[in-house]
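See below for run.cif, which holds mmCIF, C-alpha atoms.
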```cif
data_data
loop_
_atom_site.label_atom_id
_atom_site.label_comp_id
_atom_site.auth_asym_id
_atom_site.auth_seq_id
_atom_site.Cartn_x
_atom_site.Cartn_y
_atom_site.Cartn_z
CA MET C 1 19.32 15.38 -16.18
CA ARG C 2 16.94 13.96 -13.58
CA LYS C 3 18.40 11.65 -10.96
CA TYR C 4 15.58 9.09 -11.28
CA ASP C 5 13.89 7.74 -14.38
CA SER C 6 10.88 6.29 -12.58
CA ILE C 7 8.89 6.40 -9.34
CA ILE C 8 7.33 3.26 -7.86
CA PHE C 9 4.61 3.97 -5.31
CA ASP C 10 3.27 1.95 -2.44
CA LEU C 11 -0.51 2.28 -1.96
CA ASP C 12 -1.66 2.24 1.69
CA GLY C 13 -0.17 5.06 3.71
CA THR C 14 1.48 6.49 0.61
CA LEU C 15 -1.31 7.31 -1.85
CA TRP C 16 -4.45 6.73 0.20
CA ASP C 17 -5.95 5.74 3.57
CA ALA C 18 -8.75 3.15 3.48
CA THR C 19 -8.31 1.94 7.06
CA GLU C 20 -11.71 3.17 8.26
CA ALA C 21 -13.50 1.12 5.60
CA THR C 22 -11.26 -1.89 6.22
CA ALA C 23 -11.94 -1.79 9.97
CA GLU C 24 -15.67 -1.52 9.28
CA GLY C 25 -15.54 -4.56 7.02
CA TRP C 26 -13.45 -6.62 9.41
CA ASN C 27 -15.77 -5.83 12.31
CA ALA C 28 -18.76 -6.88 10.21
CA ALA C 29 -17.00 -10.19 9.61
CA LEU C 30 -16.03 -10.67 13.25
CA SER C 31 -19.65 -10.13 14.31
CA LEU C 32 -20.49 -13.37 12.50
CA THR C 33 -17.86 -15.40 14.38
CA ASP C 34 -16.90 -16.36 17.91
CA LEU C 35 -15.01 -13.07 18.00
CA ALA C 36 -18.24 -11.04 17.91
CA ASN C 37 -17.13 -9.00 20.94
CA PHE C 38 -13.70 -8.25 19.48
CA ARG C 39 -13.31 -4.99 17.55
CA VAL C 40 -10.54 -3.57 15.44
CA THR C 41 -9.97 0.13 14.84
CA ALA C 42 -8.56 2.08 11.94
CA ASP C 43 -5.40 2.53 14.02
CA ASP C 44 -5.13 -1.25 14.38
CA ILE C 45 -5.31 -1.58 10.61
CA ARG C 46 -2.73 1.18 10.10
CA GLY C 47 -0.39 -0.74 12.38
CA VAL C 48 -0.33 -3.76 10.05
CA CYS C 49 -0.69 -2.03 6.67
CA GLY C 50 2.08 -3.00 4.32
CA LEU C 51 1.93 -6.69 5.25
CA PRO C 52 0.32 -9.34 3.03
CA PHE C 53 -3.31 -9.97 3.93
CA SER C 54 -2.71 -13.22 5.82
CA ASP C 55 0.09 -11.61 7.85
CA CYS C 56 -2.20 -8.73 8.81
CA ILE C 57 -4.68 -11.23 10.21
CA THR C 58 -2.02 -13.15 12.11
CA SER C 59 -0.62 -9.93 13.58
CA LEU C 60 -4.00 -8.85 14.94
CA PHE C 61 -5.54 -12.17 15.96
CA GLY C 62 -2.70 -14.67 16.26
CA HIS C 63 -2.25 -13.99 19.97
CA LEU C 64 -5.85 -14.93 20.78
CA ASP C 65 -6.58 -18.42 22.09
CA ASP C 66 -8.38 -20.88 19.83
CA VAL C 67 -8.40 -18.58 16.80
CA ASP C 68 -7.79 -20.14 13.39
CA CYS C 69 -6.42 -17.16 11.47
CA HIS C 70 -6.42 -19.05 8.18
CA ALA C 71 -10.11 -19.88 8.57
CA LEU C 72 -10.90 -16.19 9.14
CA GLU C 73 -9.38 -15.07 5.84
CA PRO C 74 -12.31 -15.69 3.42
CA LEU C 75 -14.88 -13.93 5.60
CA LEU C 76 -12.63 -10.99 6.41
CA ASP C 77 -11.75 -10.64 2.75
CA GLU C 78 -15.40 -10.77 1.67
CA LYS C 79 -16.60 -8.15 4.15
CA GLU C 80 -13.61 -5.87 3.62
CA LYS C 81 -14.19 -5.98 -0.15
CA PHE C 82 -17.83 -4.98 0.31
CA SER C 83 -16.91 -2.14 2.67
CA ILE C 84 -14.10 -0.81 0.47
CA GLU C 85 -16.33 -0.89 -2.61
CA VAL C 86 -19.07 1.01 -0.75
CA SER C 87 -17.02 3.46 1.31
CA GLY C 88 -13.63 3.47 -0.38
CA GLY C 89 -10.59 5.27 0.88
CA VAL C 90 -9.34 8.83 0.92
CA VAL C 91 -6.27 9.90 -1.02
CA PHE C 92 -3.80 12.12 0.75
CA PRO C 93 -3.90 15.82 -0.21
CA ASP C 94 -2.50 16.65 -3.67
CA VAL C 95 -2.14 12.99 -4.72
CA VAL C 96 -4.39 12.97 -7.80
CA GLU C 97 -3.10 16.29 -9.13
CA GLY C 98 0.45 15.34 -8.19
CA LEU C 99 0.34 12.03 -10.02
CA GLN C 100 -0.88 13.81 -13.13
CA GLN C 101 2.01 16.25 -12.88
CA LEU C 102 4.66 13.61 -12.13
CA SER C 103 3.51 11.34 -14.96
CA GLY C 104 4.59 13.96 -17.47
CA SER C 105 8.23 13.64 -16.36
CA TYR C 106 8.58 10.14 -14.88
CA GLY C 107 7.40 6.63 -15.50
CA LEU C 108 5.01 5.89 -12.63
CA TYR C 109 4.52 2.38 -11.21
CA LEU C 110 2.74 0.85 -8.23
CA VAL C 111 3.70 -2.12 -6.06
CA SER C 112 1.60 -3.11 -3.05
CA ASN C 113 1.05 -6.09 -0.78
CA CYS C 114 -2.72 -5.69 -1.18
CA GLN C 115 -5.30 -8.05 -2.68
CA SER C 116 -6.09 -7.80 -6.40
CA TRP C 117 -9.62 -6.49 -5.89
CA TYR C 118 -8.32 -3.87 -3.46
CA LEU C 119 -6.03 -2.34 -6.05
CA GLN C 120 -8.85 -2.40 -8.59
CA SER C 121 -11.06 -0.53 -6.11
CA PHE C 122 -8.42 2.18 -5.86
CA TRP C 123 -8.21 2.49 -9.64
CA GLN C 124 -11.99 2.62 -9.96
CA GLN C 125 -12.47 5.21 -7.25
CA TYR C 126 -9.80 7.65 -8.40
CA ALA C 127 -9.35 6.86 -12.11
CA VAL C 128 -5.57 7.32 -12.15
CA GLU C 129 -4.56 3.92 -13.55
CA HIS C 130 -3.82 5.45 -16.96
CA LEU C 131 -1.04 7.50 -15.36
CA PHE C 132 0.87 4.34 -14.39
CA LYS C 133 2.99 2.29 -16.75
CA GLY C 134 3.01 -0.84 -14.61
CA GLN C 135 1.73 -2.38 -11.42
CA ASP C 136 1.92 -5.44 -9.22
CA CYS C 137 0.31 -6.56 -5.99
CA TYR C 138 0.55 -9.58 -3.75
CA GLY C 139 -2.90 -10.71 -4.82
CA ASP C 140 -1.72 -10.96 -8.42
CA SER C 141 1.83 -12.28 -8.11
CA GLY C 142 1.84 -13.96 -4.69
CA VAL C 143 5.45 -12.92 -4.07
CA GLY C 144 6.97 -10.55 -1.53
CA LYS C 145 7.37 -6.84 -2.13
CA SER C 146 11.12 -7.06 -2.71
CA GLU C 147 10.60 -9.59 -5.49
CA MET C 148 7.73 -7.56 -6.96
CA ILE C 149 9.94 -4.50 -7.14
CA ARG C 150 12.83 -6.46 -8.63
CA LEU C 151 10.63 -8.06 -11.31
CA LEU C 152 8.95 -4.77 -12.21
CA VAL C 153 12.33 -3.05 -12.58
CA GLN C 154 13.51 -5.90 -14.78
CA GLN C 155 10.36 -6.11 -16.92
CA HIS C 156 10.25 -2.38 -17.62
CA ASN C 157 14.01 -1.95 -17.91
CA LEU C 158 14.09 0.79 -15.27
CA GLN C 159 17.56 2.26 -14.90
CA ASN C 160 17.29 4.30 -11.70
CA PRO C 161 13.95 3.84 -9.94
CA ILE C 162 12.96 5.08 -6.50
CA TYR C 163 10.29 3.35 -4.41
CA ILE C 164 8.08 5.55 -2.22
CA GLY C 165 6.67 3.81 0.85
CA ASP C 166 5.82 4.49 4.47
CA THR C 167 7.08 1.56 6.55
CA GLN C 168 10.33 0.00 7.66
CA GLY C 169 9.31 -3.09 5.72
CA ASP C 170 9.00 -0.98 2.57
CA GLN C 171 12.51 0.33 3.06
CA GLU C 172 13.97 -3.12 3.66
CA ALA C 173 12.18 -4.60 0.64
CA THR C 174 13.31 -1.73 -1.58
CA GLU C 175 16.94 -1.97 -0.55
CA SER C 176 16.86 -5.74 -0.93
CA ALA C 177 15.63 -5.21 -4.50
CA GLY C 178 18.53 -2.86 -5.19
CA ALA C 179 16.43 0.30 -5.58
CA GLN C 180 16.47 3.68 -3.86
CA PHE C 181 13.90 4.39 -1.14
CA GLY C 182 11.90 7.52 -0.35
CA TYR C 183 9.98 7.69 2.93
CA ALA C 184 6.39 8.93 2.94
CA ALA C 185 6.63 10.30 6.49
CA TYR C 186 3.00 11.43 6.37
CA GLY C 187 1.89 7.79 6.19
CA PHE C 188 1.33 5.03 8.73
CA GLY C 189 4.78 3.72 9.56
CA ASP C 190 8.00 4.81 11.21
CA VAL C 191 11.27 4.65 9.28
CA LYS C 192 14.18 5.66 11.44
CA GLU C 193 17.00 6.07 8.94
CA ALA C 194 15.55 7.23 5.64
CA ARG C 195 17.89 9.39 3.58
CA ILE C 196 15.00 10.92 1.64
CA ALA C 197 11.75 11.77 3.44
CA PHE C 198 8.59 13.70 2.59
CA ASN C 199 6.25 15.20 5.18
CA THR C 200 3.50 15.78 2.62
CA PHE C 201 2.74 14.64 -0.91
CA ARG C 202 3.13 18.24 -2.03
CA GLN C 203 6.70 18.17 -0.72
CA LEU C 204 7.25 14.98 -2.72
CA ILE C 205 5.95 16.64 -5.89
CA ASP C 206 8.19 19.67 -5.39
CA TYR C 207 11.23 17.45 -4.83
CA PHE C 208 10.80 15.50 -8.04
CA MET C 209 9.70 18.42 -10.20
CA LYS C 210 12.40 20.88 -9.16
#
```
Take the structure I supplied and represent it as structure tokens, if you would.
Amino acid sequence: MRKYDSIIFDLDGTLWDATEATAEGWNAALSLTDLANFRVTADDIRGVCGLPFSDCITSLFGHLDDVDCHALEPLLDEKEKFSIEVSGGVVFPDVVEGLQQLSGSYGLYLVSNCQSWYLQSFWQQYAVEHLFKGQDCYGDSGVGKSEMIRLLVQQHNLQNPIYIGDTQGDQEATESAGAQFGYAAYGFGDVKEARIAFNTFRQLIDYFMK
């Protein structure tokens, strides 16, 4: 008997990396503002991935004088959306094939703090939505990741789910929701005390399919 009945995946830093396109979009937006000389990098974006959109903005620009982070949101969102839809992101090695394999033995789900359109861009680019039995994102529900996980577990009657994410915030949200956590150590974050960790997606596949 398998230990888990379902796997809930994070998106950024766990299934794909779209930080180059996001940085490109944000810089296009900043060029139209008083922050025209300020630039963000893909590494800057990786450092805040996992946070809701507004928190990402506050983390990167909140320390600057006379910056209204809330006022920046619509323009950053618009330009990021355009860039993501044009350039997209890159899935980590073995993700598409691995999801196909895992879906034959587990219920697959996705919970992310991303915007609604962002998740749709991922589905459109990689055509793996049919492998997932459920999903939620901050753009749809407007609640924190812990609550999204809890509600998804409740709605789908999951008995022993594991959430796969790549940040300390993912771990804390998962444990708060009463689920098990698996650390995608190949991703963007740093989780110091993860009991289960995967250095590659292939290692993750082998763990769950053994």
- Which residues, written as an NGL selection string, have at least one atom at most 10 Å from stretch 75-89 of chain C, with all atoms listed in the file counted and residues fewer than 2 positions away on the same chain left out? :C and (12 or 15-30 or 32-33 or 53-54 or 57 or 71-73 or 91-92 or 115 or 117-118 or 120-122 or 124-126)
- Task: Rank C:Asp166, C:Asp43, C:Asp34, C:Glu172 by their smallest atom-to-atom distance to C:Ala184, using all atoms listed in the file, and report the top residue only.
- Result: C:Asp166
- C:Gln159: which residues within 8 Å, counting all atoms listed in the file, same-chain residues fewer than 3 positions away excluded, as a ChimeraX atom specification? /C:4-5,153
- Item | Selection result for the PyMOL selection byres ((chain C and resi 129) around 12) on this file, as a PyMOL selection string | chain C and resi 96+99-100+103+108-110+119-128+130-135
- Message: Assuming the chain letters and numbering stay as they are in my file, what does the PyMOL selection byres ((chain C and resi 208) around 12) actually select? List them as a list in words.
- Response: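 Going through the file, the PyMOL selection byres ((chain C and resi 208) around 12) ends up selecting Met1, Arg2, Lys3, Tyr4, Asp5, Ser6, Ile7, Gly98, Leu99, Gln101, Leu102, Ser103, Gly104, Ser105, Tyr106, Ile162, Ile164, Gly182, Ile196, Phe198, Phe201, Arg202, Gln203, Leu204, Ile205, Asp206, Tyr207, Met209 and Lys210 of chain C.
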- Task: Could you please determine the separation between atom CA of C:Asp10 and atom CA of C:Asp170 in Å, to one decimal place?
- Result: 8.2 Å
- Message: Nearest residue to C:Val48 out of C:Gly107, C:Pro161, C:Gly189, C:Leu35, using only C-alpha atoms?
- Response: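 Nearest to C:Val48: C:Gly189.
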- Query: In Å, how far is it from atom CA of C:His70 to atom CA of C:Ile45?
  - Reply: 17.7 Å
- Query: Evaluating the PyMOL selection byres ((chain C and resi 185) around 9) on the displayed file yields which residues, as a ChimeraX atom specification?
  - Reply: /C:14,165-167,183-184,186-191,197-200
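Of the residues listed (C:Gly13, C:Gly47, C:Pro52, C:Gly178), C:Pro52 shows the shortest atom-to-atom separation from C:Gly139; distances use only C-alpha atoms.
Going from atom CA of C:Gly169 to atom CA of C:His63 covers 21.3 Å.
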Output as JSON the centre and edge lengths (Å, one decimal) of the box along x, y and z of the file that holds every listed atom of stretch 155-170 of chain C after adding 3 Å on each side.
```
{"center_x": 11.7, "center_y": -0.3, "center_z": -5.1, "size_x": 17.7, "size_y": 17.7, "size_z": 31.6}
```
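Here the question is which of C:Ser112, C:Pro74, C:Gln155, C:Arg39 gets nearest to C:Val143 using all atoms listed in the file, and that residue is C:Ser112.
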